[in-house]
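Engineer: Below you will find the structure I want to go over with you.
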There are 2 protein chains.
Amino acid sequence: MKLDKNTKILIIGLGVIGGSYAKALTDKGYCVSCITKEESDIKYALERGMISYGTTEVDEELIKNSELIIFALYPTTFVDWVAKYQHLFTKGVLITDVTGVKSSVVYKVQDILREDVEYIPAHPMAGRERSGVEYADPSVFAGANYIVTPTEKNSREAIRLCRRLGEELGFARISELTPEAHDEMIAFLSQLTHCIAVVLMNCNDSEGLEKYTGDSFRDLTRIAKINDRMWSELFLMNKDALLREMDRFIEEFTEFRTYLANEDGKRMREKMRASAQRRTLFDKIVK
Amino acid sequence: MKLDKNTKILIIGLGVIGGSYAKALTDKGYCVSCITKEESDIKYALERGMISYGTTEVDEELIKNSELIIFALYPTTFVDWVAKYQHLFTKGVLITDVTGVKSSVVYKVQDILREDVEYIPAHPMAGRERSGVEYADPSVFAGANYIVTPTEKNSREAIRLCRRLGEELGFARISELTPEAHDEMIAFLSQLTHCIAVVLMNCNDSEGLEKYTGDSFRDLTRIAKINDRMWSELFLMNKDALLREMDRFIEEFTEFRTYLANEDGKRMREKMRASAQRRTLFDKIVK
């Protein structure tokens with residue numbers, strides 16, 4: 001199949017990411033339908049021209065007529081949905097997702113999936129700290145990274161189409177990783193940072209701190225407004241990799257603490273200079 | 001003395017903060033002079049209308065004629081400067097500062113200071129991750145916090161004037177803390193967060209991570225582009241308080257790690273919900 005303006009796209013799960021996909025693709029001229037849980041979310045999306053059609057039913061006709069299905073559900077809900085309703089897919093449909101962990105989802109879905117349907121996994125590295133379609137905003141994709149995580153079961157055609165989808169959504173950089181490499185990377189770049197933010201919000205409950213804070217604390221805890229159901233699922237599904245990253249962090253943190261306790265300004269400054277230098281790599285791409 | 005458009009203001013140290021003060025005050029109609037190290041910084045500031053006059057000399061006439069002197073130097077440089085040149089101050093001058101630690105600076109300066117000069121300490125809780133006047137930008141003060149840290153030696157008049165200065169600079173919320181309370185607060189809200197950012201940048205040197213990163217890692221490490229000389233001074237001058245905060249953080253982090261290792265999703269979600277709820281307190285004030 002090809003991705004063009006006639007491709008019938010179905011998004012399942014109209015939350016902050018599903019909604020951002022819907023708006024980005026509709027703005028590009030695609031025809032986007034959706035299946036989601038809440039009638040009010042459909043109403044919201046229709047009023048703002050984010051989708052052409054939406055339903056809260058598992059609409060057989062709609063599913064049969066869709067050529068590209070994008071799952072934007074919680075990880076476990078995604079796996080369950082495919083198991084329960086894959087008999088409704090039309091032959092040759094391509095499915096993709098936005099799930100934040102890969103190894104524990106991708107192989108499970110590919111193993112149970114019908115032979116005549118292909119699932120090409122992907123992870124958009126952009127989001128917002130709030131959940132719900134009312135926070136959907138495709139502008140967060142500008143300058144951001146998009147990762148396709150194919151397995152041996154994937155066709156070159158599907159990989160190509162999925163990369164094309166990332167481009168159409170507005171991502172600045174499209175990469176490929178194995179599901180395993182993705183999960184190691186995500187444990188460090190995303191899950192560890194979310195742990196730190198949650199811990200920071202819980203380790204000092206002095207009253208009135210908000211009157212004195214600067215932007216550094218605000219930045220480090222922006223993501224502390226966390227969706228607890230989704231993130232606890234993501235952490236548990238990637239437990240081993242995340243524990244490894246947490247341990248590496250504690251080790252490095254303890255080393256830095258020792259330098260301070262010893263008043264070893266020289267070593268602290270070396271770490272700071274290395275930090276400042278490496279950080280420049282991670283600046284957002286501005287086009 | 002009063003703060004009005006005729007008040008002769010001198011800024012000593014034209015870096016990112018001194019420059020932002022200069023621009024904010026000049027934009028408000030004040031007449032701002034400066035003494036700083038580099039001729040090129042003065043040229044830069046004059047060309048952009050940030051100051052009325054600048055010199056790299058310790059200009060006796062200029063200092064004598066100044067009524068409000070704002071020090072925007074590194075902590076140790078500030079103390080040394082006052083010790084060396086305070087004989088040049090005119091009787092009744094008010095001096096203030098922007099120094100990021102207070103107990104170890106404030107009492108030292110107030111102890112050595114001439115009887116006929118008053119030093120009212122303050123700390124603007126806003127800045128940028130880069131240093132140098134070319135990054136000066138007073139818009140970072142909008143919505144931000146400004147803290148006056150008076151001691152028993154300060155007059156009510158000086159406190160009032162310093163609060164007024166914070167308002168004129170554009171800060172959204174002006175508070176008062178003792179130097180000791182300030183340093184405890186700053187150890188948590190600012191110094192601990194800078195430690196975390198530096199540690200994060202140093203604990204995983206895998207190649208190519210920048211291709212996959214999302215905004216959470218970028219946010220947590222924005223301040224990792226750190227001025228190593230200034231921050232190592234600040235850390236060492238507030239060592240005990242910072243070590244206490246680092247230990248509290250490690251303790252809470254280790255607890256969260258245990259929940260994950262035990263697959264205790266319930267407790268992880270409790271921490272996440274507490275985190276999300278507390279974080280709303282810290283949103284920036286939008287006027």
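Chain labels follow the order of the structure tokens: the first chain is A, the next B, and so on; residue numbering restarts at 1 in every chain, and ligands are counted from 1 in their shown order.
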For chain B against chain A, which residues fall within 6 Å using only C-alpha atoms, given as a list in words?
Structural biologist: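 Every residue meeting the condition is included here: Met125, Ala126, Asn145, Leu189, Val198, Val199, Met201, Cys203, Glu210, Tyr212, Gly214, Phe217, Asp219, Leu220, Ala224, Lys225, Ile226, Asp228, Phe249, Glu252, Phe253, Arg269, Met272, Ser275, Ala276 and Phe282 of chain B.
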Engineer: As a VMD selection string, which residues of range 105-178 of chain A does DSSP assign to strand (DSSP E or B)?
Structural biologist: chain A and resid 118 to 120 122 to 125 142 145 to 148 171 173 to 176
Engineer: Taking N, CA, C and O atoms for each residue, export the selection above as a PDB file, in the first residue's frame.
Structural biologist:
ATOM      1  N   GLU A 118      -0.039  -6.485   8.605  1.00  0.00           N
ATOM      2  CA  GLU A 118       1.312  -6.165   9.095  1.00  0.00           C
ATOM      3  C   GLU A 118       1.255  -5.066  10.152  1.00  0.00           C
ATOM      4  O   GLU A 118       0.556  -4.069  10.006  1.00  0.00           O
ATOM      5  N   TYR A 119       2.005  -5.273  11.200  1.00  0.00           N
ATOM      6  CA  TYR A 119       2.125  -4.271  12.279  1.00  0.00           C
ATOM      7  C   TYR A 119       3.544  -3.726  12.276  1.00  0.00           C
ATOM      8  O   TYR A 119       4.498  -4.440  12.539  1.00  0.00           O
ATOM      9  N   ILE A 120       3.664  -2.434  11.981  1.00  0.00           N
ATOM     10  CA  ILE A 120       4.973  -1.786  11.996  1.00  0.00           C
ATOM     11  C   ILE A 120       5.010  -0.829  13.198  1.00  0.00           C
ATOM     12  O   ILE A 120       4.285   0.157  13.242  1.00  0.00           O
ATOM     13  N   ALA A 122       6.104   1.957  16.007  1.00  0.00           N
ATOM     14  CA  ALA A 122       6.778   3.261  15.998  1.00  0.00           C
ATOM     15  C   ALA A 122       6.541   3.973  17.325  1.00  0.00           C
ATOM     16  O   ALA A 122       5.612   3.640  18.066  1.00  0.00           O
ATOM     17  N   HIS A 123       7.416   4.929  17.614  1.00  0.00           N
ATOM     18  CA  HIS A 123       7.288   5.712  18.844  1.00  0.00           C
ATOM     19  C   HIS A 123       7.627   7.169  18.555  1.00  0.00           C
ATOM     20  O   HIS A 123       8.774   7.495  18.276  1.00  0.00           O
ATOM     21  N   PRO A 124       6.620   8.046  18.619  1.00  0.00           N
ATOM     22  CA  PRO A 124       6.881   9.482  18.440  1.00  0.00           C
ATOM     23  C   PRO A 124       7.478  10.047  19.731  1.00  0.00           C
ATOM     24  O   PRO A 124       6.883   9.918  20.795  1.00  0.00           O
ATOM     25  N   MET A 125       8.664  10.655  19.650  1.00  0.00           N
ATOM     26  CA  MET A 125       9.339  11.158  20.856  1.00  0.00           C
ATOM     27  C   MET A 125       8.896  12.588  21.138  1.00  0.00           C
ATOM     28  O   MET A 125       9.718  13.520  21.197  1.00  0.00           O
ATOM     29  N   ALA A 142       7.080  19.318  15.688  1.00  0.00           N
ATOM     30  CA  ALA A 142       8.082  20.106  14.951  1.00  0.00           C
ATOM     31  C   ALA A 142       9.413  20.038  15.693  1.00  0.00           C
ATOM     32  O   ALA A 142       9.471  20.292  16.892  1.00  0.00           O
ATOM     33  N   ASN A 145      11.846  14.000  17.373  1.00  0.00           N
ATOM     34  CA  ASN A 145      12.329  12.729  16.822  1.00  0.00           C
ATOM     35  C   ASN A 145      11.204  11.700  16.723  1.00  0.00           C
ATOM     36  O   ASN A 145      10.325  11.651  17.584  1.00  0.00           O
ATOM     37  N   TYR A 146      11.282  10.865  15.708  1.00  0.00           N
ATOM     38  CA  TYR A 146      10.287   9.805  15.480  1.00  0.00           C
ATOM     39  C   TYR A 146      11.063   8.524  15.232  1.00  0.00           C
ATOM     40  O   TYR A 146      12.001   8.500  14.444  1.00  0.00           O
ATOM     41  N   ILE A 147      10.696   7.472  15.948  1.00  0.00           N
ATOM     42  CA  ILE A 147      11.483   6.235  15.860  1.00  0.00           C
ATOM     43  C   ILE A 147      10.630   5.076  15.389  1.00  0.00           C
ATOM     44  O   ILE A 147       9.575   4.781  15.973  1.00  0.00           O
ATOM     45  N   VAL A 148      11.088   4.433  14.338  1.00  0.00           N
ATOM     46  CA  VAL A 148      10.450   3.210  13.851  1.00  0.00           C
ATOM     47  C   VAL A 148      11.247   2.051  14.432  1.00  0.00           C
ATOM     48  O   VAL A 148      12.478   2.083  14.446  1.00  0.00           O
ATOM     49  N   PHE A 171       7.573  15.444  12.022  1.00  0.00           N
ATOM     50  CA  PHE A 171       8.787  15.192  12.802  1.00  0.00           C
ATOM     51  C   PHE A 171      10.024  15.627  12.022  1.00  0.00           C
ATOM     52  O   PHE A 171      10.056  15.557  10.800  1.00  0.00           O
ATOM     53  N   ARG A 173      13.250  14.402  12.596  1.00  0.00           N
ATOM     54  CA  ARG A 173      14.279  13.384  12.403  1.00  0.00           C
ATOM     55  C   ARG A 173      13.628  12.015  12.605  1.00  0.00           C
ATOM     56  O   ARG A 173      13.024  11.747  13.633  1.00  0.00           O
ATOM     57  N   ILE A 174      13.784  11.154  11.607  1.00  0.00           N
ATOM     58  CA  ILE A 174      13.190   9.813  11.652  1.00  0.00           C
ATOM     59  C   ILE A 174      14.343   8.820  11.781  1.00  0.00           C
ATOM     60  O   ILE A 174      15.300   8.884  11.017  1.00  0.00           O
ATOM     61  N   SER A 175      14.260   7.909  12.752  1.00  0.00           N
ATOM     62  CA  SER A 175      15.316   6.918  12.932  1.00  0.00           C
ATOM     63  C   SER A 175      14.710   5.534  13.057  1.00  0.00           C
ATOM     64  O   SER A 175      13.500   5.374  13.227  1.00  0.00           O
ATOM     65  N   GLU A 176      15.609   4.535  12.975  1.00  0.00           N
ATOM     66  CA  GLU A 176      15.169   3.156  13.211  1.00  0.00           C
ATOM     67  C   GLU A 176      16.003   2.547  14.319  1.00  0.00           C
ATOM     68  O   GLU A 176      17.206   2.769  14.400  1.00  0.00           O
TER      69      GLU A 176
END
Engineer: Could you pull out all residues of range 51-226 of chain B with a DSSP call of helix (DSSP H, G or I) and give them as a short mmCIF file (atom, residue, chain, number, x, y, z; two decimals) with N, CA, C and O atoms, in the first residue's frame?
Structural biologist:
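Contents of states_17.cif, freshly written:
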data_model
loop_
_atom_site.label_atom_id
_atom_site.label_comp_id
_atom_site.auth_asym_id
_atom_site.auth_seq_id
_atom_site.Cartn_x
_atom_site.Cartn_y
_atom_site.Cartn_z
N GLU B 60 36.41 56.43 39.96
CA GLU B 60 36.05 57.03 41.26
C GLU B 60 34.87 57.98 41.17
O GLU B 60 33.98 57.97 42.01
N GLU B 61 34.89 58.82 40.14
CA GLU B 61 33.81 59.80 39.96
C GLU B 61 32.46 59.10 39.83
O GLU B 61 31.47 59.46 40.46
N LEU B 62 32.46 58.08 38.97
CA LEU B 62 31.22 57.34 38.70
C LEU B 62 30.69 56.69 39.97
O LEU B 62 29.49 56.77 40.28
N ILE B 63 31.57 56.06 40.72
CA ILE B 63 31.14 55.38 41.94
C ILE B 63 30.63 56.40 42.96
O ILE B 63 29.58 56.19 43.58
N LYS B 64 31.34 57.48 43.12
CA LYS B 64 30.93 58.53 44.06
C LYS B 64 29.56 59.10 43.76
O LYS B 64 28.80 59.45 44.66
N PRO B 75 30.13 35.25 43.50
CA PRO B 75 30.08 35.50 44.95
C PRO B 75 31.40 35.97 45.55
O PRO B 75 31.44 37.02 46.21
N THR B 76 32.48 35.26 45.31
CA THR B 76 33.76 35.64 45.94
C THR B 76 34.26 36.98 45.39
O THR B 76 34.84 37.78 46.13
N THR B 77 34.04 37.22 44.10
CA THR B 77 34.47 38.48 43.49
C THR B 77 33.73 39.66 44.11
O THR B 77 34.31 40.73 44.33
N PHE B 78 32.45 39.46 44.40
CA PHE B 78 31.63 40.50 45.02
C PHE B 78 32.22 40.89 46.38
O PHE B 78 32.46 42.07 46.66
N VAL B 79 32.48 39.90 47.22
CA VAL B 79 33.02 40.18 48.56
C VAL B 79 34.37 40.90 48.44
O VAL B 79 34.61 41.92 49.11
N ASP B 80 35.24 40.42 47.57
CA ASP B 80 36.56 41.04 47.39
C ASP B 80 36.44 42.49 46.91
O ASP B 80 37.18 43.37 47.35
N TRP B 81 35.51 42.72 46.00
CA TRP B 81 35.34 44.06 45.42
C TRP B 81 34.95 45.07 46.50
O TRP B 81 35.50 46.16 46.59
N VAL B 82 33.99 44.67 47.32
CA VAL B 82 33.53 45.57 48.39
C VAL B 82 34.68 45.86 49.35
O VAL B 82 34.92 47.02 49.73
N ALA B 83 35.41 44.82 49.72
CA ALA B 83 36.53 45.01 50.65
C ALA B 83 37.54 46.01 50.09
O ALA B 83 38.05 46.88 50.79
N LYS B 84 37.79 45.89 48.80
CA LYS B 84 38.86 46.67 48.19
C LYS B 84 38.46 48.11 47.86
O LYS B 84 39.28 49.02 47.95
N TYR B 85 37.21 48.30 47.44
CA TYR B 85 36.84 49.61 46.91
C TYR B 85 35.76 50.36 47.68
O TYR B 85 35.29 51.40 47.24
N GLN B 86 35.37 49.87 48.85
CA GLN B 86 34.24 50.52 49.51
C GLN B 86 34.55 51.94 49.98
O GLN B 86 33.61 52.73 50.19
N HIS B 87 35.83 52.28 50.05
CA HIS B 87 36.16 53.66 50.42
C HIS B 87 35.69 54.64 49.35
O HIS B 87 35.61 55.84 49.60
N LEU B 88 35.39 54.14 48.16
CA LEU B 88 34.94 55.03 47.08
C LEU B 88 33.45 55.33 47.12
O LEU B 88 32.97 56.24 46.45
N SER B 103 23.85 33.23 53.13
CA SER B 103 24.48 33.26 54.47
C SER B 103 25.97 33.54 54.39
O SER B 103 26.51 34.36 55.12
N SER B 104 26.65 32.85 53.48
CA SER B 104 28.11 32.94 53.44
C SER B 104 28.60 34.23 52.79
O SER B 104 29.80 34.51 52.81
N VAL B 105 27.69 35.02 52.23
CA VAL B 105 28.09 36.27 51.59
C VAL B 105 27.57 37.47 52.38
O VAL B 105 28.31 38.41 52.67
N VAL B 106 26.30 37.39 52.76
CA VAL B 106 25.62 38.55 53.34
C VAL B 106 26.30 39.03 54.62
O VAL B 106 26.60 40.23 54.76
N TYR B 107 26.55 38.10 55.55
CA TYR B 107 27.12 38.53 56.83
C TYR B 107 28.55 39.03 56.67
O TYR B 107 28.96 39.99 57.31
N LYS B 108 29.27 38.39 55.76
CA LYS B 108 30.64 38.81 55.49
C LYS B 108 30.66 40.26 54.98
O LYS B 108 31.40 41.09 55.49
N VAL B 109 29.82 40.56 54.02
CA VAL B 109 29.79 41.91 53.46
C VAL B 109 29.27 42.91 54.48
O VAL B 109 29.85 43.98 54.67
N GLN B 110 28.19 42.55 55.17
CA GLN B 110 27.66 43.51 56.16
C GLN B 110 28.65 43.76 57.29
O GLN B 110 28.71 44.86 57.84
N ASP B 111 29.44 42.74 57.64
CA ASP B 111 30.43 42.92 58.71
C ASP B 111 31.55 43.88 58.35
O ASP B 111 32.02 44.64 59.19
N ILE B 112 32.00 43.81 57.10
CA ILE B 112 33.13 44.67 56.72
C ILE B 112 32.68 46.03 56.22
O ILE B 112 33.49 46.94 56.06
N VAL B 133 26.84 38.85 28.47
CA VAL B 133 25.85 39.91 28.25
C VAL B 133 25.04 39.66 26.98
O VAL B 133 23.89 40.08 26.87
N GLU B 134 25.60 38.93 26.02
CA GLU B 134 24.86 38.71 24.77
C GLU B 134 23.65 37.81 24.97
O GLU B 134 22.80 37.68 24.10
N TYR B 135 23.55 37.18 26.14
CA TYR B 135 22.36 36.39 26.45
C TYR B 135 21.40 37.14 27.37
O TYR B 135 20.39 36.58 27.81
N PRO B 138 15.70 40.67 29.64
CA PRO B 138 14.86 40.94 30.82
C PRO B 138 13.51 40.23 30.77
O PRO B 138 12.82 40.20 31.78
N SER B 139 13.14 39.66 29.63
CA SER B 139 11.83 38.99 29.58
C SER B 139 11.81 37.75 30.48
O SER B 139 10.73 37.26 30.82
N VAL B 140 12.99 37.24 30.89
CA VAL B 140 12.99 36.08 31.80
C VAL B 140 12.47 36.46 33.20
O VAL B 140 12.14 35.58 33.99
N PHE B 141 12.38 37.77 33.49
CA PHE B 141 11.88 38.18 34.81
C PHE B 141 10.35 38.13 34.88
O PHE B 141 9.78 38.07 35.97
N ARG B 156 13.99 49.33 57.25
CA ARG B 156 12.74 49.08 56.52
C ARG B 156 12.72 49.82 55.20
O ARG B 156 12.15 49.35 54.22
N GLU B 157 13.35 50.97 55.20
CA GLU B 157 13.40 51.76 53.96
C GLU B 157 14.14 51.00 52.86
O GLU B 157 13.71 50.98 51.71
N ALA B 158 15.28 50.39 53.23
CA ALA B 158 16.08 49.67 52.22
C ALA B 158 15.32 48.43 51.71
O ALA B 158 15.36 48.12 50.52
N ILE B 159 14.65 47.75 52.63
CA ILE B 159 13.86 46.58 52.22
C ILE B 159 12.79 47.01 51.22
O ILE B 159 12.59 46.38 50.18
N ARG B 160 12.11 48.11 51.56
CA ARG B 160 11.04 48.61 50.69
C ARG B 160 11.60 48.98 49.32
O ARG B 160 11.04 48.63 48.28
N LEU B 161 12.73 49.66 49.32
CA LEU B 161 13.32 50.06 48.04
C LEU B 161 13.75 48.85 47.22
O LEU B 161 13.57 48.81 46.00
N CYS B 162 14.28 47.86 47.89
CA CYS B 162 14.73 46.67 47.17
C CYS B 162 13.55 45.91 46.57
O CYS B 162 13.62 45.39 45.46
N ARG B 163 12.46 45.84 47.31
CA ARG B 163 11.24 45.23 46.78
C ARG B 163 10.75 46.00 45.56
O ARG B 163 10.34 45.41 44.56
N ARG B 164 10.82 47.31 45.66
CA ARG B 164 10.41 48.18 44.54
C ARG B 164 11.29 47.90 43.31
O ARG B 164 10.80 47.86 42.19
N LEU B 165 12.58 47.72 43.55
CA LEU B 165 13.49 47.39 42.45
C LEU B 165 13.04 46.10 41.76
O LEU B 165 13.01 46.03 40.53
N GLY B 166 12.69 45.09 42.55
CA GLY B 166 12.19 43.84 41.98
C GLY B 166 10.98 44.05 41.10
O GLY B 166 10.87 43.49 40.01
N GLU B 167 10.07 44.91 41.56
CA GLU B 167 8.87 45.21 40.76
C GLU B 167 9.25 45.91 39.46
O GLU B 167 8.76 45.56 38.39
N GLU B 168 10.14 46.91 39.58
CA GLU B 168 10.55 47.66 38.39
C GLU B 168 11.24 46.75 37.38
O GLU B 168 11.16 46.97 36.17
N LEU B 169 11.93 45.73 37.85
CA LEU B 169 12.61 44.80 36.95
C LEU B 169 11.61 43.88 36.25
O LEU B 169 11.96 43.23 35.26
N PRO B 179 18.56 34.98 55.28
CA PRO B 179 19.62 34.35 54.48
C PRO B 179 19.66 32.83 54.68
O PRO B 179 19.85 32.08 53.71
N GLU B 180 19.44 32.38 55.91
CA GLU B 180 19.50 30.94 56.19
C GLU B 180 18.37 30.19 55.49
O GLU B 180 18.59 29.13 54.89
N ALA B 181 17.16 30.73 55.58
CA ALA B 181 16.01 30.07 54.93
C ALA B 181 16.20 30.09 53.41
O ALA B 181 15.87 29.13 52.72
N HIS B 182 16.73 31.21 52.91
CA HIS B 182 17.03 31.27 51.48
C HIS B 182 17.96 30.14 51.06
O HIS B 182 17.74 29.48 50.04
N ASP B 183 19.00 29.92 51.83
CA ASP B 183 20.02 28.94 51.42
C ASP B 183 19.49 27.51 51.47
O ASP B 183 19.85 26.68 50.64
N GLU B 184 18.63 27.23 52.44
CA GLU B 184 17.99 25.91 52.48
C GLU B 184 17.10 25.71 51.27
O GLU B 184 17.11 24.67 50.64
N MET B 185 16.32 26.74 50.98
CA MET B 185 15.40 26.69 49.84
C MET B 185 16.18 26.52 48.54
O MET B 185 15.86 25.68 47.70
N ILE B 186 17.24 27.30 48.40
CA ILE B 186 17.99 27.30 47.14
C ILE B 186 18.74 25.97 46.95
O ILE B 186 18.94 25.51 45.82
N ALA B 187 19.13 25.35 48.05
CA ALA B 187 19.81 24.06 47.95
C ALA B 187 18.89 23.05 47.28
O ALA B 187 19.32 22.26 46.44
N PHE B 188 17.62 23.10 47.63
CA PHE B 188 16.67 22.17 47.03
C PHE B 188 16.23 22.61 45.64
O PHE B 188 16.37 21.87 44.66
N LEU B 189 15.71 23.85 45.53
CA LEU B 189 15.05 24.25 44.29
C LEU B 189 16.02 24.48 43.14
O LEU B 189 15.67 24.29 41.99
N SER B 190 17.23 24.89 43.46
CA SER B 190 18.12 25.28 42.37
C SER B 190 19.41 24.45 42.33
O SER B 190 19.79 23.94 41.28
N GLN B 191 20.07 24.30 43.49
CA GLN B 191 21.36 23.60 43.43
C GLN B 191 21.18 22.11 43.19
O GLN B 191 21.91 21.52 42.37
N LEU B 192 20.22 21.49 43.87
CA LEU B 192 19.98 20.06 43.64
C LEU B 192 19.60 19.80 42.17
O LEU B 192 20.08 18.84 41.56
N THR B 193 18.77 20.67 41.60
CA THR B 193 18.37 20.45 40.21
C THR B 193 19.56 20.58 39.27
O THR B 193 19.66 19.84 38.29
N HIS B 194 20.47 21.50 39.58
CA HIS B 194 21.67 21.62 38.74
C HIS B 194 22.57 20.38 38.89
O HIS B 194 23.15 19.91 37.90
N CYS B 195 22.69 19.85 40.10
CA CYS B 195 23.44 18.59 40.29
C CYS B 195 22.84 17.48 39.43
O CYS B 195 23.55 16.75 38.75
N ILE B 196 21.52 17.35 39.50
CA ILE B 196 20.84 16.28 38.76
C ILE B 196 21.11 16.40 37.26
O ILE B 196 21.40 15.43 36.57
N ALA B 197 21.02 17.63 36.75
CA ALA B 197 21.24 17.85 35.32
C ALA B 197 22.66 17.46 34.92
O ALA B 197 22.88 16.79 33.90
N VAL B 198 23.62 17.84 35.73
CA VAL B 198 25.03 17.51 35.44
C VAL B 198 25.23 15.99 35.50
O VAL B 198 25.88 15.40 34.63
N VAL B 199 24.65 15.37 36.51
CA VAL B 199 24.79 13.92 36.66
C VAL B 199 24.14 13.19 35.47
O VAL B 199 24.72 12.26 34.90
N LEU B 200 22.95 13.65 35.08
CA LEU B 200 22.27 13.03 33.93
C LEU B 200 23.13 13.08 32.67
O LEU B 200 23.18 12.12 31.90
N MET B 201 23.81 14.21 32.46
CA MET B 201 24.63 14.35 31.26
C MET B 201 25.88 13.48 31.33
O MET B 201 26.52 13.23 30.31
N ASN B 202 26.24 13.03 32.54
CA ASN B 202 27.48 12.27 32.69
C ASN B 202 27.26 10.78 32.89
O ASN B 202 28.23 10.04 32.97
N LEU B 209 22.41 9.20 21.08
CA LEU B 209 21.19 9.38 21.88
C LEU B 209 20.37 10.60 21.44
O LEU B 209 19.15 10.61 21.56
N GLU B 210 21.08 11.61 20.94
CA GLU B 210 20.37 12.83 20.54
C GLU B 210 19.36 12.58 19.41
O GLU B 210 18.43 13.36 19.23
N LYS B 211 19.55 11.49 18.67
CA LYS B 211 18.61 11.19 17.57
C LYS B 211 17.27 10.69 18.09
O LYS B 211 16.29 10.62 17.35
N ASP B 215 11.41 15.68 24.64
CA ASP B 215 11.57 16.93 25.40
C ASP B 215 11.84 16.71 26.88
O ASP B 215 12.37 17.60 27.54
N SER B 216 11.47 15.56 27.44
CA SER B 216 11.66 15.40 28.87
C SER B 216 13.15 15.45 29.21
O SER B 216 13.57 16.15 30.12
N PHE B 217 13.96 14.74 28.45
CA PHE B 217 15.40 14.78 28.70
C PHE B 217 15.96 16.18 28.42
O PHE B 217 16.81 16.68 29.16
N ARG B 218 15.46 16.81 27.37
CA ARG B 218 15.93 18.18 27.08
C ARG B 218 15.60 19.11 28.24
O ARG B 218 16.42 19.93 28.65
N ASP B 219 14.40 18.99 28.78
CA ASP B 219 13.99 19.86 29.89
C ASP B 219 14.85 19.62 31.12
O ASP B 219 15.28 20.57 31.78
N LEU B 220 15.07 18.37 31.44
CA LEU B 220 15.82 18.07 32.67
C LEU B 220 17.28 18.46 32.56
O LEU B 220 17.97 18.57 33.58
N THR B 221 17.77 18.67 31.34
CA THR B 221 19.19 18.99 31.18
C THR B 221 19.44 20.37 30.55
O THR B 221 20.57 20.67 30.22
N ARG B 222 18.40 21.18 30.40
CA ARG B 222 18.63 22.53 29.86
C ARG B 222 19.73 23.22 30.66
O ARG B 222 20.66 23.79 30.11
N ILE B 223 19.65 23.12 31.98
CA ILE B 223 20.62 23.80 32.84
C ILE B 223 21.95 23.07 32.94
O ILE B 223 22.85 23.51 33.66
N ALA B 224 22.09 21.97 32.21
CA ALA B 224 23.38 21.26 32.20
C ALA B 224 24.45 22.05 31.45
O ALA B 224 25.63 21.77 31.58
#
Engineer: Would you work out the distance separating CA of Cys34 in chain B from CA of Gly18 in chain B, expressed in Å to one decimal?
Structural biologist: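 That distance, rounded to one decimal, is 8.9 Å.
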